[in-house]
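The block underneath contains the structure these notes are about, expressed in structure tokens.
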Amino acid sequence: MDFTKLDGLIPAVIQDDESNEVLMVGFMNPEALDRTTASGFATFFSRTRNTLWTKGETSGNRLQVVRILTDCDDDTVLVRVKRLGDGNVCHTGTRSCFVRELDAAAVSAS
């Protein structure tokens, strides 16, 4: 994996393996990717806390890895997961972090 483009990190897109729904995006450093593959549960690098964290540590809503795919540039991973717990992945309590539609007028104005 090419960790050089984002100062040692790669984006990790998290997708439900059954429904194909995109659930969240996190970042991984080499250690987070190693821990994810070794444990079978999605682990990320927190840019704000500067530490590793495994999804579901406190909520119980863990993400069990089904498979990991890499993009053509080896700088992003797609992690296909099985949702455990109540299935809500977002820290706001929703199943997915992607629930708000972007207003096209706001985008074109910027």
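Labels used: A, B, ... for chains in the order of the structure tokens, numbers from 1 for residues in each chain, and numbers from 1 for ligands as shown.
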Quiz item: Among region 2-106 of chain A, which residues carry a DSSP assignment of strand (DSSP E or B), reported as a PyMOL selection string?
Solution: chain A and resi 6+9-16+22-28+41+43-46+51-54+63-70+77-83
Quiz item: Could you name the residues that touch Arg95 (chain A) at 10 Å or less, counting only C-alpha atoms, but leaving out those on the same chain fewer than 5 positions away, as a ChimeraX atom specification?
Solution: /A:21-24,61,83,86-90
Practice problem: Compile the contact shell of Phe27 (chain A) as a PyMOL selection string: residues with an atom at most 12 Å away, counting only C-alpha atoms, same-chain residues fewer than 4 positions apart removed. | Solution: chain A and resi 3+6-14+31-33+36+42-48+50-55+75-79
Let me see the file: selected residues, N, CA, C and O atoms, as a CSV table (one decimal), in the first residue's frame.
chain,number,residue,atom,x,y,z
A,3,PHE,N,1.3,4.6,1.4
A,3,PHE,CA,0.9,5.5,2.5
A,3,PHE,C,1.6,6.9,2.4
A,3,PHE,O,1.5,7.6,3.3
A,6,LEU,N,-0.9,10.8,1.8
A,6,LEU,CA,-1.6,11.5,2.8
A,6,LEU,C,-0.9,11.4,4.2
A,6,LEU,O,-1.4,11.2,5.2
A,7,ASP,N,0.4,11.7,4.1
A,7,ASP,CA,1.3,11.7,5.3
A,7,ASP,C,1.1,10.5,6.2
A,7,ASP,O,0.9,10.5,7.4
A,8,GLY,N,1.2,9.3,5.5
A,8,GLY,CA,1.2,8.1,6.2
A,8,GLY,C,-0.1,7.4,6.4
A,8,GLY,O,-0.2,6.4,7.1
A,9,LEU,N,-1.1,8.0,5.8
A,9,LEU,CA,-2.5,7.4,5.9
A,9,LEU,C,-3.1,7.1,4.5
A,9,LEU,O,-2.7,7.6,3.5
A,10,ILE,N,-4.1,6.2,4.6
A,10,ILE,CA,-4.9,5.9,3.4
A,10,ILE,C,-6.3,5.9,3.8
A,10,ILE,O,-6.7,5.6,4.9
A,11,PRO,N,-7.2,6.4,2.9
A,11,PRO,CA,-8.6,6.3,3.1
A,11,PRO,C,-9.1,4.9,3.1
A,11,PRO,O,-8.6,4.1,2.4
A,12,ALA,N,-10.0,4.6,4.0
A,12,ALA,CA,-10.7,3.3,4.1
A,12,ALA,C,-12.2,3.5,4.0
A,12,ALA,O,-12.8,4.0,4.9
A,13,VAL,N,-12.7,3.1,2.8
A,13,VAL,CA,-14.1,3.2,2.6
A,13,VAL,C,-14.8,1.9,3.2
A,13,VAL,O,-14.3,0.8,2.8
A,14,ILE,N,-15.8,2.0,4.0
A,14,ILE,CA,-16.4,0.9,4.7
A,14,ILE,C,-17.8,0.6,4.0
A,14,ILE,O,-18.6,1.5,4.0
A,31,GLU,N,-0.1,0.4,10.7
A,31,GLU,CA,-0.5,-0.4,11.9
A,31,GLU,C,-2.0,-0.7,12.0
A,31,GLU,O,-2.4,-1.8,12.3
A,32,ALA,N,-2.8,0.3,11.6
A,32,ALA,CA,-4.3,0.1,11.6
A,32,ALA,C,-4.6,-1.0,10.6
A,32,ALA,O,-5.5,-1.8,10.9
A,33,LEU,N,-4.0,-0.9,9.4
A,33,LEU,CA,-4.3,-1.9,8.4
A,33,LEU,C,-3.9,-3.3,8.9
A,33,LEU,O,-4.6,-4.3,8.7
A,36,THR,N,-6.3,-4.5,11.5
A,36,THR,CA,-7.5,-4.9,10.8
A,36,THR,C,-7.4,-6.3,10.2
A,36,THR,O,-8.3,-7.1,10.4
A,42,ALA,N,-12.5,-3.9,11.8
A,42,ALA,CA,-12.0,-2.6,11.3
A,42,ALA,C,-11.4,-1.8,12.4
A,42,ALA,O,-12.1,-1.4,13.4
A,43,THR,N,-10.1,-1.4,12.1
A,43,THR,CA,-9.4,-0.5,13.0
A,43,THR,C,-8.9,0.7,12.2
A,43,THR,O,-8.5,0.5,11.1
A,44,PHE,N,-9.0,1.8,12.8
A,44,PHE,CA,-8.6,3.1,12.1
A,44,PHE,C,-7.6,3.9,12.9
A,44,PHE,O,-7.3,3.6,14.1
A,45,PHE,N,-7.1,4.9,12.3
A,45,PHE,CA,-6.2,5.8,12.9
A,45,PHE,C,-7.0,7.1,13.1
A,45,PHE,O,-7.5,7.7,12.1
A,46,SER,N,-7.1,7.6,14.3
A,46,SER,CA,-7.8,8.8,14.6
A,46,SER,C,-6.8,10.0,14.4
A,46,SER,O,-5.8,10.1,15.1
A,47,ARG,N,-7.1,10.9,13.5
A,47,ARG,CA,-6.3,12.0,13.2
A,47,ARG,C,-6.4,13.0,14.3
A,47,ARG,O,-5.4,13.8,14.6
A,48,THR,N,-7.5,13.1,15.0
A,48,THR,CA,-7.6,14.1,16.1
A,48,THR,C,-7.0,13.6,17.4
A,48,THR,O,-6.4,14.4,18.1
A,50,ASN,N,-4.7,11.1,17.4
A,50,ASN,CA,-3.4,10.5,17.1
A,50,ASN,C,-3.2,9.1,17.7
A,50,ASN,O,-2.1,8.9,18.3
A,51,THR,N,-4.2,8.3,17.5
A,51,THR,CA,-4.1,7.0,18.1
A,51,THR,C,-5.0,6.0,17.3
A,51,THR,O,-5.9,6.4,16.5
A,52,LEU,N,-4.8,4.7,17.5
A,52,LEU,CA,-5.6,3.7,16.8
A,52,LEU,C,-6.9,3.5,17.6
A,52,LEU,O,-7.0,3.7,18.8
A,53,TRP,N,-8.0,3.2,16.9
A,53,TRP,CA,-9.2,2.8,17.5
A,53,TRP,C,-9.9,1.8,16.7
A,53,TRP,O,-9.9,1.8,15.4
A,54,THR,N,-10.6,0.9,17.3
A,54,THR,CA,-11.3,-0.2,16.6
A,54,THR,C,-12.8,0.2,16.7
A,54,THR,O,-13.3,0.4,17.8
A,55,LYS,N,-13.5,0.2,15.6
A,55,LYS,CA,-14.9,0.5,15.5
A,55,LYS,C,-15.7,-0.4,16.4
A,55,LYS,O,-15.5,-1.6,16.4
A,75,ASP,N,-3.7,3.2,-3.0
A,75,ASP,CA,-3.6,4.2,-1.9
A,75,ASP,C,-5.0,4.4,-1.2
A,75,ASP,O,-5.2,5.4,-0.5
A,76,THR,N,-5.9,3.5,-1.5
A,76,THR,CA,-7.2,3.5,-0.8
A,76,THR,C,-7.7,2.0,-0.7
A,76,THR,O,-7.5,1.2,-1.6
A,77,VAL,N,-8.4,1.7,0.4
A,77,VAL,CA,-8.9,0.4,0.6
A,77,VAL,C,-10.4,0.5,0.7
A,77,VAL,O,-11.0,1.5,1.2
A,78,LEU,N,-11.1,-0.6,0.2
A,78,LEU,CA,-12.5,-0.8,0.3
A,78,LEU,C,-12.6,-2.0,1.3
A,78,LEU,O,-12.2,-3.1,1.0
A,79,VAL,N,-13.2,-1.7,2.5
A,79,VAL,CA,-13.3,-2.8,3.4
A,79,VAL,C,-14.8,-3.2,3.5
A,79,VAL,O,-15.7,-2.4,3.9
Quiz prompt | Pick from A:Phe98, A:Val65, A:Ala105, A:Ser59, whichever lies nearest to Arg80 (chain A) using only C-alpha atoms | solution = A:Val65
Quiz item: Which distance in Å separates CA of Ala104 (chain A) and CA of Lys5 (chain A), to one decimal?
Solution: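 Distance between the two atoms: 29.2 Å.
CA of Arg35 (chain A) sits 18.1 Å away from CA of Asp74 (chain A).
For the atom pair formed by CA of Ile68 (chain A) and CA of Val81 (chain A), the distance is 8.8 Å, given to one decimal.
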Quiz item: Just asking: which residues within chain A are helix (DSSP H, G or I) according to DSSP, as a list in words?
Solution: Pro30, Glu31, Ala32, Leu33, Asp34, Arg35, Thr36, Thr37, Ala38, Ser39, Ala104, Ala105, Ala106, Val107, Ser108 and Ala109 of chain A
Can you spit out the residues from that selection as a JSON list (two decimals), in the first residue's frame, using N, CA and C atoms?
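This is the output file result24.json:
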[["chain", "number", "residue", "atom", "x", "y", "z"],
["A", 30, "PRO", "N", -0.26, 2.17, 8.49],
["A", 30, "PRO", "CA", 0.13, 0.76, 8.34],
["A", 30, "PRO", "C", -0.26, -0.12, 9.53],
["A", 31, "GLU", "N", -0.12, 0.41, 10.74],
["A", 31, "GLU", "CA", -0.47, -0.37, 11.93],
["A", 31, "GLU", "C", -1.97, -0.67, 11.98],
["A", 32, "ALA", "N", -2.80, 0.30, 11.63],
["A", 32, "ALA", "CA", -4.26, 0.08, 11.63],
["A", 32, "ALA", "C", -4.65, -0.97, 10.61],
["A", 33, "LEU", "N", -4.02, -0.92, 9.44],
["A", 33, "LEU", "CA", -4.32, -1.93, 8.42],
["A", 33, "LEU", "C", -3.86, -3.31, 8.88],
["A", 34, "ASP", "N", -2.68, -3.37, 9.48],
["A", 34, "ASP", "CA", -2.18, -4.65, 10.00],
["A", 34, "ASP", "C", -3.12, -5.20, 11.08],
["A", 35, "ARG", "N", -3.55, -4.35, 11.98],
["A", 35, "ARG", "CA", -4.43, -4.79, 13.07],
["A", 35, "ARG", "C", -5.78, -5.23, 12.51],
["A", 36, "THR", "N", -6.27, -4.52, 11.47],
["A", 36, "THR", "CA", -7.53, -4.91, 10.84],
["A", 36, "THR", "C", -7.43, -6.30, 10.24],
["A", 37, "THR", "N", -6.37, -6.54, 9.50],
["A", 37, "THR", "CA", -6.23, -7.85, 8.86],
["A", 37, "THR", "C", -5.96, -8.96, 9.88],
["A", 38, "ALA", "N", -5.24, -8.65, 10.94],
["A", 38, "ALA", "CA", -4.92, -9.67, 11.95],
["A", 38, "ALA", "C", -6.13, -10.01, 12.83],
["A", 39, "SER", "N", -6.90, -8.99, 13.21],
["A", 39, "SER", "CA", -8.02, -9.20, 14.14],
["A", 39, "SER", "C", -9.32, -9.56, 13.45],
["A", 104, "ALA", "N", -27.14, 20.90, -4.53],
["A", 104, "ALA", "CA", -26.36, 21.21, -5.74],
["A", 104, "ALA", "C", -26.15, 22.71, -5.88],
["A", 105, "ALA", "N", -27.11, 23.53, -5.48],
["A", 105, "ALA", "CA", -26.96, 24.98, -5.60],
["A", 105, "ALA", "C", -25.84, 25.48, -4.68],
["A", 106, "ALA", "N", -25.71, 24.89, -3.51],
["A", 106, "ALA", "CA", -24.64, 25.29, -2.60],
["A", 106, "ALA", "C", -23.29, 24.92, -3.14],
["A", 107, "VAL", "N", -23.20, 23.80, -3.85],
["A", 107, "VAL", "CA", -21.93, 23.36, -4.42],
["A", 107, "VAL", "C", -21.50, 24.28, -5.54],
["A", 108, "SER", "N", -22.43, 24.65, -6.43],
["A", 108, "SER", "CA", -22.07, 25.49, -7.57],
["A", 108, "SER", "C", -21.75, 26.91, -7.15],
["A", 109, "ALA", "N", -22.23, 27.35, -5.99],
["A", 109, "ALA", "CA", -21.96, 28.71, -5.50],
["A", 109, "ALA", "C", -20.56, 28.83, -4.91]]
